[in-house]
Number of protein chains: 2
Amino acid sequence: MRDAHGQEGVVVHGGRYDPRRTMTMHPVLIAGQWRPAQSSRSFSAENPAVGEPLPGEYPISDWADCDEALAAAATAATLMREQPPENRAVFLEAFAARIEARKGELVEMAHAETGLPKAPRLADVELPRTTGQLRQGALAAREGSWALPTIDTKLNIRSLLSPIGPVWVFGPNNFPFAFNSVAGGDFVAALSAGNPVIAKANSSHPGTTRLLAEEAFKAVGEAGLPAASVQLIYRTSHADGERLVADPRTGATGYTGSRHAGLKLKAAADAAGRPIYLELSAVNPVLMLPGALAERGAALVDEFVTSSLMGTGQFCTSPSLVLLVASEASEQFVASVKARFEAATPAPLLSSAVARSLTESVATLRAAGASLVTGGTPVAEPGYRFRNTLLRASGAEFLASPDRLQTEAFGNAALFVVARDSEELIAIVERLEGSLTGSLYTDTRGSDDALHNRVEPLLRPRVGRLLNDKMPTGVAVTAAMNHGGPYPSTGHPGFTAVGIPASLRRFAMLQCYDQVRPDRLPPVLRDAPPHDRVWRLVDGEWRRGPVSGA
Amino acid sequence: MRDAHGQEGVVVHGGRYDPRRTMTMHPVLIAGQWRPAQSSRSFSAENPAVGEPLPGEYPISDWADCDEALAAAATAATLMREQPPENRAVFLEAFAARIEARKGELVEMAHAETGLPKAPRLADVELPRTTGQLRQGALAAREGSWALPTIDTKLNIRSLLSPIGPVWVFGPNNFPFAFNSVAGGDFVAALSAGNPVIAKANSSHPGTTRLLAEEAFKAVGEAGLPAASVQLIYRTSHADGERLVADPRTGATGYTGSRHAGLKLKAAADAAGRPIYLELSAVNPVLMLPGALAERGAALVDEFVTSSLMGTGQFCTSPSLVLLVASEASEQFVASVKARFEAATPAPLLSSAVARSLTESVATLRAAGASLVTGGTPVAEPGYRFRNTLLRASGAEFLASPDRLQTEAFGNAALFVVARDSEELIAIVERLEGSLTGSLYTDTRGSDDALHNRVEPLLRPRVGRLLNDKMPTGVAVTAAMNHGGPYPSTGHPGFTAVGIPASLRRFAMLQCYDQVRPDRLPPVLRDAPPHDRVWRLVDGEWRRGPVSGA
């Protein structure tokens with residue numbers, strides 16, 4: 001998931017504070033109050049399907065807002081540590097119910113701000129996924145097993161993962177609900193783990209984020225969480241962004257967006273020793289081995305085109321690099337995809353910034369040696385659209401410019417690399433950079449097995465999720481998911497942004513209790529836990545219920 | 001644990017390659033060969049108890065050695081991924097047995113290089129701890145539960161933590177066995193998790209490291225591990241150190257040592273997106289609340305002095321900052337500790353560098369407002385010794401210079417801060433930086449409870465391990481241990497350097513298998529696992545044995 005050129009894709013209103021604009025300027029949510037931002041600039045969103053500004057202005061907060069939010073969050077973090085997990089669970093469930101109650105308005109707003117279809121995408125897929133994540137987070141908070149509570153009864157040493165402190169969430173442009181900074185995956189993970197969240201809205205859908213924050217804040221009150229458990233700022237300067245992730249009051253940051261902006265935040269957070277979890281860019285290589293193409297080429301065309309054009313290719317796991325071995329079947333595959341790309345009407349892109357970035361990326365790929373099979377240019381109005389684009393390069397061309405030919409082209413574009421033979425295919429795989437996913441298509445009769453067995457050990461450590469005979473789009477919210485991968489697809493290969501309970505563990509610190517008196521222990525570490533659903537590693541065995549003798 | 005001024009505390013032989021020195025120059029272990037280093041400089045160790053050089057010269061490797069080691073390790077990493085965990089387990093057990101068989105020589109060498117007592121410390125405590133860790137690592141590798149294997153049977157998505165690739169281990173000066181780069185905690189964690197290790201010896205005990213590497217390499221052969229699973233370089237330039245942790249072939253780095261050198265390596269690794277785990281410095285605050293001192297002041301003197309002077313204070317968890325509230329009992333405590341410090345004969349420090357650093361740190365503390373109660377100067381020859389040193393400061397002085405008064409004084413020195421009252425004590429705790437441990441002493445009759453309950457929520461998020469009525473030295477190797485803590489005591493608060501299985505998870509990447517054909521899954525993720533000891537999270541439940549229906 002990513003936000004091509006991030007915060008540049010909106011209309012910015014410069015200059016000093018203008019009292020004539022106060023009627024349309026939306027407030028920020030800081031320290032339990034919806035109140036005017038301390039801000040000298042503002043922006044508004046656009047409808048990308050028609051290329052026109054949307055009503056409402058949103059403030060670009062000065063550091064004073066960030067500072068106040070951090071102070072309030074630090075206090076909230078201390079208060080949250082004292083509350084039982086039940087409060088978080090009640091909040092998450094109440095919030096989910098409120099999202100459902102305001103579904104119509106949310107879908108309209110998200111559609112206007114992103115151009116994504118109201119149905120099935122927004123109303124029937126993404127919104128239910130979002131409320132489902134919130135409810136999974138509630139279950140995880142209540143159960144408590146996510147924290148890996150560990151007890152050594154003989155030495156009376158006990159430990160668990162505990163809240164890390166205030167978490168900044170920077171959401172991406174491409175999932176206005178499911179990865180929204182105030183309702184999506186990172187938000188759920190941070191809050192379920194017991195942390196207050198300060199959301200930094202994505203500038204392309206501030207209105208959707210505002211509606212979600214309104215409901216979240218009401219649910220905060222209903223659940224009795226500290227008022228500053230959820231705060232919202234729409235936007236800051238880049239300099240303030242780097243300052244806030246490095247602030248000593250910040251526990252951690254979750255960021256999903258462009259590699260360029262993400263790595264700047266990473267450098268600032270790293271230098272200050274503040275954890276930051278990034279989901280950056282990925283080309284998600286798909287290897288179609290010769291037997292698979294020979295066996296079921298037409299079906300693979302269908303699978304690929306469906307996955308590649310889904311959401312106009314604006315998924316973090318979009319299959320944007322396909323590796324083939326030269327053959328008649330491969331040429332047929334390329335020709336069929338070309339025809340299908342040309343027959344499909346391009347849907348709008350998320351913003352003018354995505355359209356601009358896609359144009360630039362295609363130019364970069366062509367300059368690096370890729371040739372255009374079809375597409376490659378913007379579509380005339382209305383809104384921001386790009387022709388479905390297919391590029392190709394030979395294996396030799398790829399090996400001459402492996403870095404540039406792995407440039408992300410976020411949107412409805414893909415690059416096919418046709419290797420001369422199996423040896424060249426292997427050389428290409430050895431030059432792949434870290435990606436979120438990697439797909440291996442092989443035939444069902446075993447003719448690809450020998451090549452598979454050479455390629456798999458090279459591909460496996462380069463991707464977070466390995467698929468067989470399946471396209472990478474569609475990230476199930478399951479404990480077994482890994483929506484992560486080696487650098488530069490993320491900042492650390494050990495963590496996942498999707499999947500409960502693992503995603504919660506990013507926003508936690510390990511806390512050990514050595515000879516701490518029984519009544520001072522967190523309830524989940526006492527001999528008799530507060531309930532029998534929590535799994536604890538007791539003297540090397542995963543168990544539920546009290547420790548022996550309790 | 002730390003290495004004050006790290007690699008500077010030894011005799012460096014400059015200039016170009018000198019053939020007259022070849023007879024005494026020790027080889028490095030690279031790519032399965034003990035062979036001469038590619039090096040233009042060398043160093044030798046010193047006996048710190050007498051301040052005299054020890055025989056033997058050790059090379060300072062050029063980049064060519066690092067490069068060759070990395071290439072060999074990358075190949076070994078691929079081979080190790082294909083081997084069953086049993087090979088690692090056999091290696092770790094064979095290595096432990098070999099250490100025991102060579103115990104006499106190892107203890108003599110470590111004693112000569114570090115000045116630490118042969119018994120009980122080296123022979124009866126540290127060496128058995130080291131072999132115990134190796135055997136715990138073998139058990140963890142065999143069982144496989146450390147990797148948190150997770151299976152969603154309905155969606156057929158499975159994941160586990162997998163080896164991250166070649167791991168560099170930089171060991172500290174203060175545990176020549178238990179944290180040795182080629183036998184200690186990080187070595188065990190990285191290798192048990194399935195990674196080849198490239199050890200960078202600590203320059204203060206190269207001979208001990210050489211003997212350990214000799215045994216490790218023999219055990220590699222016995223276990224059938226790839227020859228480059230264990231490699232050893234004695235030393236590099238600082239620039240090459242920063243280059244190797246950032247090399248794309250490096251999977252991760254484990255570093256224990258000084259904050260200054262560690263943060264330089266961290267910056268280099270972070271910029272390249274390579275994980276690095278650091279254990280840096282800590283003052284390990286000890287809070288003696290008024291009731292505890294009134295109730296059992298004499299016993300607390302004994303506890304503190306024993307812990308503080310143990311190992312001449314050269315422990316990562318040495319209690320070097322004690323917080324008191326002004327009272328008669330506190331003054332009695334200070335006076336008693338002073339008397340005990342003066343009565344105890346200082347043991348040798350680990351190196352001339354430690355002695356120099358301790359002198360500097362005491363000067364820094366005094367310049368920041370602390371006054372000397374006793375000690376504060378080096379002891380005359382033989383070797384490198386420092387008078388047992390006690391400093392004190394008022395709460396107001398601490399609050400005027402909280403950063404400088406948390407300067408680590410690695411060695412036999414401690415700072416007592418006497419707060420005016422409870423409110424000032426709380427203000428002090430709010431200024432504490434991240435530490436490995438924090439100890440809270442309270443009385444048994446409840447008179448400290450109110451103050452405890454105000455202090456604990458402030459102290460808890462600042463330390464990795466919280467103790468009640470116990471000194472922080474003595475780090476048990478148990479699954480429930482946390483030998484980690486908030487920055488700047490480490491680089492990330494979610495990880496521990498001690499404690500199996502958690503310490504293994506630092507050297508791993510999360511790998512997901514989505515619809516991967518059953519015979520291509522790692523054995524531990526198949527419906528029927530290779531053995532019934534491994535715990536797996538199957539559809540939300542921790543279970544042993546095959547999944548239903550398998």
# chains A, B, ... in the order shown; residues from 1 in each chain; ligands from 1
call {"tool": "residues_around", "arguments": {"residues": "Asp403 (chain A)", "least_positions_apart": "5", "cutoff": "9 Å", "atoms": "only C-alpha atoms", "output": "list in words"}}
result
Phe398, Arg431, Leu432 and Glu433 of chain A
call {"tool": "write_last_selection", "arguments": {"atoms": "N, CA and C atoms", "output": "PDB file, in the first residue's frame"}}
result
ATOM      1  N   PHE A 398      16.626  -6.427 -18.103  1.00  0.00           N
ATOM      2  CA  PHE A 398      16.397  -6.353 -16.658  1.00  0.00           C
ATOM      3  C   PHE A 398      17.723  -6.425 -15.910  1.00  0.00           C
ATOM      4  N   ARG A 431      18.305 -10.959  -8.345  1.00  0.00           N
ATOM      5  CA  ARG A 431      18.407  -9.502  -8.278  1.00  0.00           C
ATOM      6  C   ARG A 431      17.127  -8.838  -7.764  1.00  0.00           C
ATOM      7  N   LEU A 432      16.142  -9.627  -7.384  1.00  0.00           N
ATOM      8  CA  LEU A 432      14.902  -9.019  -6.881  1.00  0.00           C
ATOM      9  C   LEU A 432      15.136  -8.410  -5.511  1.00  0.00           C
ATOM     10  N   GLU A 433      14.585  -7.228  -5.309  1.00  0.00           N
ATOM     11  CA  GLU A 433      14.664  -6.616  -3.988  1.00  0.00           C
ATOM     12  C   GLU A 433      13.496  -7.108  -3.127  1.00  0.00           C
TER      13      GLU A 433
END
call {"tool": "closest_atom_pairs", "arguments": {"of": "chain B", "to": "chain A", "cutoff": "7 Å", "atoms": "only C-alpha atoms", "output": "Markdown table"}}
result
| residue | atom | partner | partner_atom | distance |
| --- | --- | --- | --- | --- |
| B:Thr150 | CA | A:Ala480 | CA | 5.3 |
| B:Ile151 | CA | A:Ala480 | CA | 5.7 |
| B:Asp152 | CA | A:Ala480 | CA | 6.0 |
| B:Ile157 | CA | A:Ala480 | CA | 5.8 |
| B:Arg158 | CA | A:Ala480 | CA | 5.1 |
| B:Ser159 | CA | A:Ala480 | CA | 5.3 |
| B:Ala267 | CA | A:Ala271 | CA | 6.9 |
| B:Asp270 | CA | A:Asp270 | CA | 6.7 |
| B:Ala271 | CA | A:Ala267 | CA | 6.9 |
| B:Gly273 | CA | A:Tyr487 | CA | 5.9 |
| B:Pro275 | CA | A:His492 | CA | 6.6 |
| B:Gly464 | CA | A:Gln511 | CA | 5.2 |
| B:Arg465 | CA | A:Cys512 | CA | 4.4 |
| B:Leu466 | CA | A:Tyr513 | CA | 5.1 |
| B:Leu467 | CA | A:Asp514 | CA | 4.7 |
| B:Asn468 | CA | A:Val516 | CA | 4.8 |
| B:Ala479 | CA | A:Thr150 | CA | 7.0 |
| B:Ala480 | CA | A:Arg158 | CA | 5.1 |
| B:Met481 | CA | A:Cys512 | CA | 6.3 |
| B:Asn482 | CA | A:Cys512 | CA | 5.5 |
| B:Tyr487 | CA | A:Gly273 | CA | 5.9 |
| B:Gly491 | CA | A:Gly273 | CA | 6.0 |
| B:His492 | CA | A:Pro275 | CA | 6.6 |
| B:Pro493 | CA | A:Met509 | CA | 4.9 |
| B:Gly494 | CA | A:Met509 | CA | 4.3 |
| B:Phe495 | CA | A:Leu510 | CA | 6.5 |
| B:Ala508 | CA | A:Gly494 | CA | 6.2 |
| B:Met509 | CA | A:Gly494 | CA | 4.3 |
| B:Leu510 | CA | A:Gly494 | CA | 4.9 |
| B:Gln511 | CA | A:Gly464 | CA | 5.2 |
| B:Cys512 | CA | A:Arg465 | CA | 4.4 |
| B:Tyr513 | CA | A:Leu466 | CA | 5.1 |
| B:Asp514 | CA | A:Leu467 | CA | 4.8 |
| B:Gln515 | CA | A:Asn468 | CA | 5.6 |
| B:Val516 | CA | A:Asn468 | CA | 4.8 |
| B:Arg517 | CA | A:Asn468 | CA | 6.9 |
| B:Trp542 | CA | A:Trp542 | CA | 6.4 |
call {"tool": "select_by_dssp", "arguments": {"residues": "region 135-192 of chain A", "states": "strand (DSSP E)", "output": "VMD selection string"}}
result
chain A and resid 150 to 152 157 to 163 167 to 170
call {"tool": "write_last_selection", "arguments": {"atoms": "C-alpha atoms", "output": "tab-separated table (two decimals), in the first residue's frame"}}
result
chain	number	residue	atom	x	y	z
A	150	THR	CA	5.27	-15.84	30.07
A	151	ILE	CA	5.70	-17.20	33.58
A	152	ASP	CA	8.64	-19.01	35.19
A	157	ILE	CA	10.01	-14.17	36.88
A	158	ARG	CA	7.18	-13.12	34.60
A	159	SER	CA	6.94	-11.03	31.46
A	160	LEU	CA	4.56	-9.78	28.84
A	161	LEU	CA	4.33	-7.33	25.99
A	162	SER	CA	2.86	-4.06	27.24
A	163	PRO	CA	1.69	-0.84	25.60
A	167	VAL	CA	1.32	5.87	18.50
A	168	TRP	CA	1.21	8.07	15.41
A	169	VAL	CA	-0.59	6.48	12.49
A	170	PHE	CA	-0.02	7.76	8.96
call {"tool": "select_by_dssp", "arguments": {"residues": "region 296-386 of chain B", "states": "alpha helix (DSSP H)", "output": "ChimeraX atom specification"}}
result
/B:296-309,328-343,352-367
call {"tool": "closest_residue", "arguments": {"among": "B:Ala268, B:Ile233, B:Ala94, B:Ala223", "to": "Pro27 (chain B)", "atoms": "only C-alpha atoms"}}
result
B:Ile233
call {"tool": "residues_around", "arguments": {"residues": "Asp62 (chain A)", "least_positions_apart": "6", "cutoff": "10 Å", "atoms": "only C-alpha atoms", "output": "PDB file with all heavy atoms, in the first residue's frame"}}
result
ATOM      1  N   ALA A  37      -7.648  24.388  14.568  1.00  0.00           N
ATOM      2  CA  ALA A  37      -6.223  24.076  14.540  1.00  0.00           C
ATOM      3  C   ALA A  37      -5.401  25.334  14.730  1.00  0.00           C
ATOM      4  O   ALA A  37      -5.861  26.448  14.450  1.00  0.00           O
ATOM      5  CB  ALA A  37      -5.865  23.437  13.204  1.00  0.00           C
ATOM      6  N   GLN A  38      -4.201  25.150  15.237  1.00  0.00           N
ATOM      7  CA  GLN A  38      -3.214  26.220  15.206  1.00  0.00           C
ATOM      8  C   GLN A  38      -2.465  26.046  13.891  1.00  0.00           C
ATOM      9  O   GLN A  38      -1.630  25.157  13.768  1.00  0.00           O
ATOM     10  CB  GLN A  38      -2.303  26.109  16.419  1.00  0.00           C
ATOM     11  CG  GLN A  38      -3.108  26.120  17.721  1.00  0.00           C
ATOM     12  CD  GLN A  38      -2.245  26.259  18.936  1.00  0.00           C
ATOM     13  OE1 GLN A  38      -1.425  27.166  19.017  1.00  0.00           O
ATOM     14  NE2 GLN A  38      -2.411  25.354  19.881  1.00  0.00           N
ATOM     15  N   SER A  39      -2.788  26.878  12.955  1.00  0.00           N
ATOM     16  CA  SER A  39      -2.431  26.602  11.572  1.00  0.00           C
ATOM     17  C   SER A  39      -2.397  27.883  10.782  1.00  0.00           C
ATOM     18  O   SER A  39      -3.191  28.798  11.016  1.00  0.00           O
ATOM     19  CB  SER A  39      -3.499  25.655  10.993  1.00  0.00           C
ATOM     20  OG  SER A  39      -3.454  25.640   9.601  1.00  0.00           O
ATOM     21  N   SER A  40      -1.484  27.963   9.817  1.00  0.00           N
ATOM     22  CA  SER A  40      -1.484  29.128   8.950  1.00  0.00           C
ATOM     23  C   SER A  40      -1.765  28.739   7.498  1.00  0.00           C
ATOM     24  O   SER A  40      -1.815  29.599   6.634  1.00  0.00           O
ATOM     25  CB  SER A  40      -0.134  29.849   9.042  1.00  0.00           C
ATOM     26  OG  SER A  40       0.909  28.956   8.763  1.00  0.00           O
ATOM     27  N   ARG A  41      -1.922  27.439   7.262  1.00  0.00           N
ATOM     28  CA  ARG A  41      -2.225  27.010   5.899  1.00  0.00           C
ATOM     29  C   ARG A  41      -3.320  25.959   5.945  1.00  0.00           C
ATOM     30  O   ARG A  41      -3.597  25.379   6.995  1.00  0.00           O
ATOM     31  CB  ARG A  41      -0.982  26.437   5.217  1.00  0.00           C
ATOM     32  CG  ARG A  41       0.103  27.492   4.950  1.00  0.00           C
ATOM     33  CD  ARG A  41       1.164  26.952   4.009  1.00  0.00           C
ATOM     34  NE  ARG A  41       1.737  25.711   4.508  1.00  0.00           N
ATOM     35  CZ  ARG A  41       2.270  24.768   3.720  1.00  0.00           C
ATOM     36  NH1 ARG A  41       2.294  24.926   2.408  1.00  0.00           N
ATOM     37  NH2 ARG A  41       2.783  23.678   4.242  1.00  0.00           N
ATOM     38  N   ILE A 233      -5.121  14.888  13.571  1.00  0.00           N
ATOM     39  CA  ILE A 233      -4.551  16.058  12.895  1.00  0.00           C
ATOM     40  C   ILE A 233      -4.617  15.741  11.409  1.00  0.00           C
ATOM     41  O   ILE A 233      -4.392  14.598  11.011  1.00  0.00           O
ATOM     42  CB  ILE A 233      -3.092  16.277  13.365  1.00  0.00           C
ATOM     43  CG1 ILE A 233      -3.097  16.907  14.758  1.00  0.00           C
ATOM     44  CG2 ILE A 233      -2.314  17.124  12.390  1.00  0.00           C
ATOM     45  CD1 ILE A 233      -1.738  17.017  15.384  1.00  0.00           C
ATOM     46  N   ARG A 235      -2.893  17.253   8.822  1.00  0.00           N
ATOM     47  CA  ARG A 235      -1.678  17.375   8.023  1.00  0.00           C
ATOM     48  C   ARG A 235      -0.704  18.256   8.778  1.00  0.00           C
ATOM     49  O   ARG A 235      -1.119  19.101   9.580  1.00  0.00           O
ATOM     50  CB  ARG A 235      -2.036  18.013   6.687  1.00  0.00           C
ATOM     51  CG  ARG A 235      -0.965  17.975   5.650  1.00  0.00           C
ATOM     52  CD  ARG A 235      -1.608  18.264   4.300  1.00  0.00           C
ATOM     53  NE  ARG A 235      -0.604  18.696   3.359  1.00  0.00           N
ATOM     54  CZ  ARG A 235      -0.824  18.892   2.076  1.00  0.00           C
ATOM     55  NH1 ARG A 235      -2.048  18.722   1.589  1.00  0.00           N
ATOM     56  NH2 ARG A 235       0.135  19.264   1.281  1.00  0.00           N
ATOM     57  N   THR A 236       0.606  18.037   8.531  1.00  0.00           N
ATOM     58  CA  THR A 236       1.650  18.888   9.103  1.00  0.00           C
ATOM     59  C   THR A 236       2.648  19.188   7.992  1.00  0.00           C
ATOM     60  O   THR A 236       2.569  18.628   6.900  1.00  0.00           O
ATOM     61  CB  THR A 236       2.411  18.180  10.242  1.00  0.00           C
ATOM     62  OG1 THR A 236       3.189  17.109   9.675  1.00  0.00           O
ATOM     63  CG2 THR A 236       1.467  17.607  11.295  1.00  0.00           C
ATOM     64  N   SER A 237       3.601  20.039   8.291  1.00  0.00           N
ATOM     65  CA  SER A 237       4.730  20.191   7.369  1.00  0.00           C
ATOM     66  C   SER A 237       5.566  18.924   7.414  1.00  0.00           C
ATOM     67  O   SER A 237       5.485  18.144   8.371  1.00  0.00           O
ATOM     68  CB  SER A 237       5.584  21.387   7.774  1.00  0.00           C
ATOM     69  OG  SER A 237       6.270  21.091   8.986  1.00  0.00           O
ATOM     70  N   ASP A 240       7.723  19.019  10.532  1.00  0.00           N
ATOM     71  CA  ASP A 240       7.035  18.645  11.761  1.00  0.00           C
ATOM     72  C   ASP A 240       6.759  17.140  11.803  1.00  0.00           C
ATOM     73  O   ASP A 240       6.778  16.526  12.873  1.00  0.00           O
ATOM     74  CB  ASP A 240       5.737  19.438  11.918  1.00  0.00           C
ATOM     75  CG  ASP A 240       5.987  20.870  12.385  1.00  0.00           C
ATOM     76  OD1 ASP A 240       7.114  21.145  12.854  1.00  0.00           O
ATOM     77  OD2 ASP A 240       5.070  21.695  12.279  1.00  0.00           O
TER      78      ASP A 240
END
call {"tool": "residues_around", "arguments": {"residues": "Val283 (chain B)", "least_positions_apart": "6", "cutoff": "10 Å", "atoms": "only C-alpha atoms", "output": "compact mmCIF listing (two decimals) with N, CA, C and O atoms, in the first residue's frame"}}
result
# COMPACT_ATOMS: atom_id res chain seq x y z
N CYS B 316 26.21 -5.20 33.05
CA CYS B 316 25.21 -4.37 32.37
C CYS B 316 24.11 -3.97 33.33
O CYS B 316 23.47 -2.94 33.14
N THR B 317 23.84 -4.79 34.33
CA THR B 317 22.75 -4.49 35.25
C THR B 317 23.25 -4.03 36.60
O THR B 317 22.54 -4.10 37.60
N SER B 318 24.46 -3.51 36.67
CA SER B 318 25.00 -3.02 37.93
C SER B 318 24.15 -1.85 38.44
O SER B 318 23.78 -0.97 37.66
N PRO B 319 23.83 -1.83 39.75
CA PRO B 319 22.97 -0.77 40.29
C PRO B 319 23.78 0.50 40.50
O PRO B 319 24.32 0.72 41.59
N SER B 320 23.86 1.35 39.52
CA SER B 320 24.78 2.48 39.64
C SER B 320 24.09 3.81 39.95
O SER B 320 24.76 4.83 40.07
N LEU B 321 22.77 3.80 40.10
CA LEU B 321 22.06 5.01 40.53
C LEU B 321 21.06 4.61 41.61
O LEU B 321 20.12 3.85 41.33
N VAL B 322 21.26 5.10 42.82
CA VAL B 322 20.35 4.79 43.93
C VAL B 322 19.61 6.06 44.32
O VAL B 322 20.22 7.11 44.51
N LEU B 405 23.95 13.59 34.90
CA LEU B 405 24.01 12.77 36.12
C LEU B 405 23.49 11.35 35.88
O LEU B 405 23.46 10.54 36.79
N GLN B 406 23.11 11.04 34.65
CA GLN B 406 22.86 9.65 34.28
C GLN B 406 23.98 9.12 33.39
O GLN B 406 23.81 8.11 32.69
N THR B 407 25.12 9.79 33.41
CA THR B 407 26.29 9.26 32.71
C THR B 407 26.67 7.91 33.32
O THR B 407 26.77 7.76 34.53
N GLU B 408 26.86 6.96 32.43
CA GLU B 408 27.27 5.65 32.90
C GLU B 408 28.70 5.68 33.41
O GLU B 408 29.59 6.18 32.72
N ALA B 409 28.91 5.17 34.63
CA ALA B 409 30.27 5.02 35.15
C ALA B 409 30.50 3.52 35.28
O ALA B 409 30.26 2.93 36.33
N PHE B 410 30.94 2.93 34.18
CA PHE B 410 31.08 1.47 34.12
C PHE B 410 32.25 1.03 34.98
O PHE B 410 33.40 1.39 34.71
N ALA B 414 29.18 4.24 42.09
CA ALA B 414 27.73 4.43 42.14
C ALA B 414 27.43 5.85 42.57
O ALA B 414 28.23 6.49 43.25
N LEU B 415 26.26 6.32 42.13
CA LEU B 415 25.79 7.65 42.50
C LEU B 415 24.52 7.52 43.34
O LEU B 415 23.57 6.84 42.92
N LEU B 432 14.13 9.99 34.50
CA LEU B 432 15.01 8.85 34.24
C LEU B 432 14.93 8.45 32.77
O LEU B 432 13.84 8.36 32.20
N GLU B 433 16.06 8.17 32.18
CA GLU B 433 16.06 7.67 30.82
C GLU B 433 15.89 6.13 30.83
O GLU B 433 15.90 5.51 31.88
N GLY B 434 15.68 5.56 29.65
CA GLY B 434 15.46 4.12 29.56
C GLY B 434 16.61 3.32 30.14
O GLY B 434 17.78 3.62 29.91
N SER B 435 16.27 2.29 30.90
CA SER B 435 17.28 1.45 31.54
C SER B 435 16.88 -0.02 31.39
O SER B 435 15.72 -0.34 31.13
N LEU B 436 17.86 -0.89 31.59
CA LEU B 436 17.56 -2.32 31.54
C LEU B 436 16.68 -2.74 32.71
O LEU B 436 15.77 -3.55 32.55
N THR B 437 16.99 -2.20 33.89
CA THR B 437 16.27 -2.63 35.09
C THR B 437 15.91 -1.42 35.95
O THR B 437 16.49 -0.35 35.83
N GLY B 438 14.95 -1.66 36.85
CA GLY B 438 14.61 -0.71 37.91
C GLY B 438 14.17 -1.51 39.13
O GLY B 438 13.38 -2.44 39.00
N SER B 489 18.86 2.30 26.45
CA SER B 489 19.50 1.09 26.99
C SER B 489 19.63 0.03 25.91
O SER B 489 20.53 -0.81 25.95
call {"tool": "residues_around", "arguments": {"residues": "Leu127 (chain A)", "least_positions_apart": "5", "cutoff": "8 Å", "atoms": "only C-alpha atoms", "output": "list of chain:residue names"}}
result
A:Lys103, A:Leu122, A:Phe177, A:Ala178
call {"tool": "write_last_selection", "arguments": {"atoms": "all heavy atoms", "output": "compact mmCIF listing (two decimals), in the first residue's frame"}}
result
# COMPACT_ATOMS: atom_id res chain seq x y z
N LYS A 103 -22.86 4.20 7.70
CA LYS A 103 -22.29 3.60 6.49
C LYS A 103 -22.59 4.40 5.22
O LYS A 103 -21.69 4.65 4.40
CB LYS A 103 -22.84 2.18 6.35
CG LYS A 103 -22.37 1.43 5.13
CD LYS A 103 -22.80 -0.04 5.21
CE LYS A 103 -22.35 -0.81 3.99
NZ LYS A 103 -22.57 -2.26 4.18
N LEU A 122 -16.43 -0.31 -1.75
CA LEU A 122 -16.44 0.43 -0.48
C LEU A 122 -17.49 -0.12 0.50
O LEU A 122 -17.19 -0.38 1.67
CB LEU A 122 -16.69 1.92 -0.74
CG LEU A 122 -15.53 2.66 -1.41
CD1 LEU A 122 -15.97 4.05 -1.86
CD2 LEU A 122 -14.33 2.79 -0.45
N PHE A 177 -10.99 3.31 4.27
CA PHE A 177 -11.53 2.74 5.51
C PHE A 177 -10.52 1.78 6.17
O PHE A 177 -10.12 1.96 7.33
CB PHE A 177 -12.82 1.94 5.25
CG PHE A 177 -13.95 2.73 4.65
CD1 PHE A 177 -14.85 2.11 3.79
CD2 PHE A 177 -14.13 4.08 4.95
CE1 PHE A 177 -15.92 2.81 3.25
CE2 PHE A 177 -15.20 4.79 4.40
CZ PHE A 177 -16.08 4.15 3.54
N ALA A 178 -10.11 0.74 5.44
CA ALA A 178 -9.44 -0.41 6.06
C ALA A 178 -8.03 -0.09 6.55
O ALA A 178 -7.50 -0.80 7.41
CB ALA A 178 -9.41 -1.59 5.10
call {"tool": "closest_residue", "arguments": {"among": "B:Val245, B:Leu106, B:Leu289, B:Ala69", "to": "Gly446 (chain B)", "atoms": "only C-alpha atoms"}}
result
B:Leu289
call {"tool": "atom_distance", "arguments": {"atom1": "CA of Arg445 (chain A)", "atom2": "CA of Ala427 (chain A)"}}
result
25.2 Å
call {"tool": "closest_residue", "arguments": {"among": "A:Arg142, A:Arg102, A:Arg387, A:Arg35", "to": "Ala216 (chain A)", "atoms": "only C-alpha atoms"}}
result
A:Arg102
call {"tool": "residues_around", "arguments": {"residues": "region 393-397 of chain A", "least_positions_apart": "2", "cutoff": "6 Å", "atoms": "only C-alpha atoms", "output": "PyMOL selection string"}}
result
chain A and resi 370+399-400+417-419
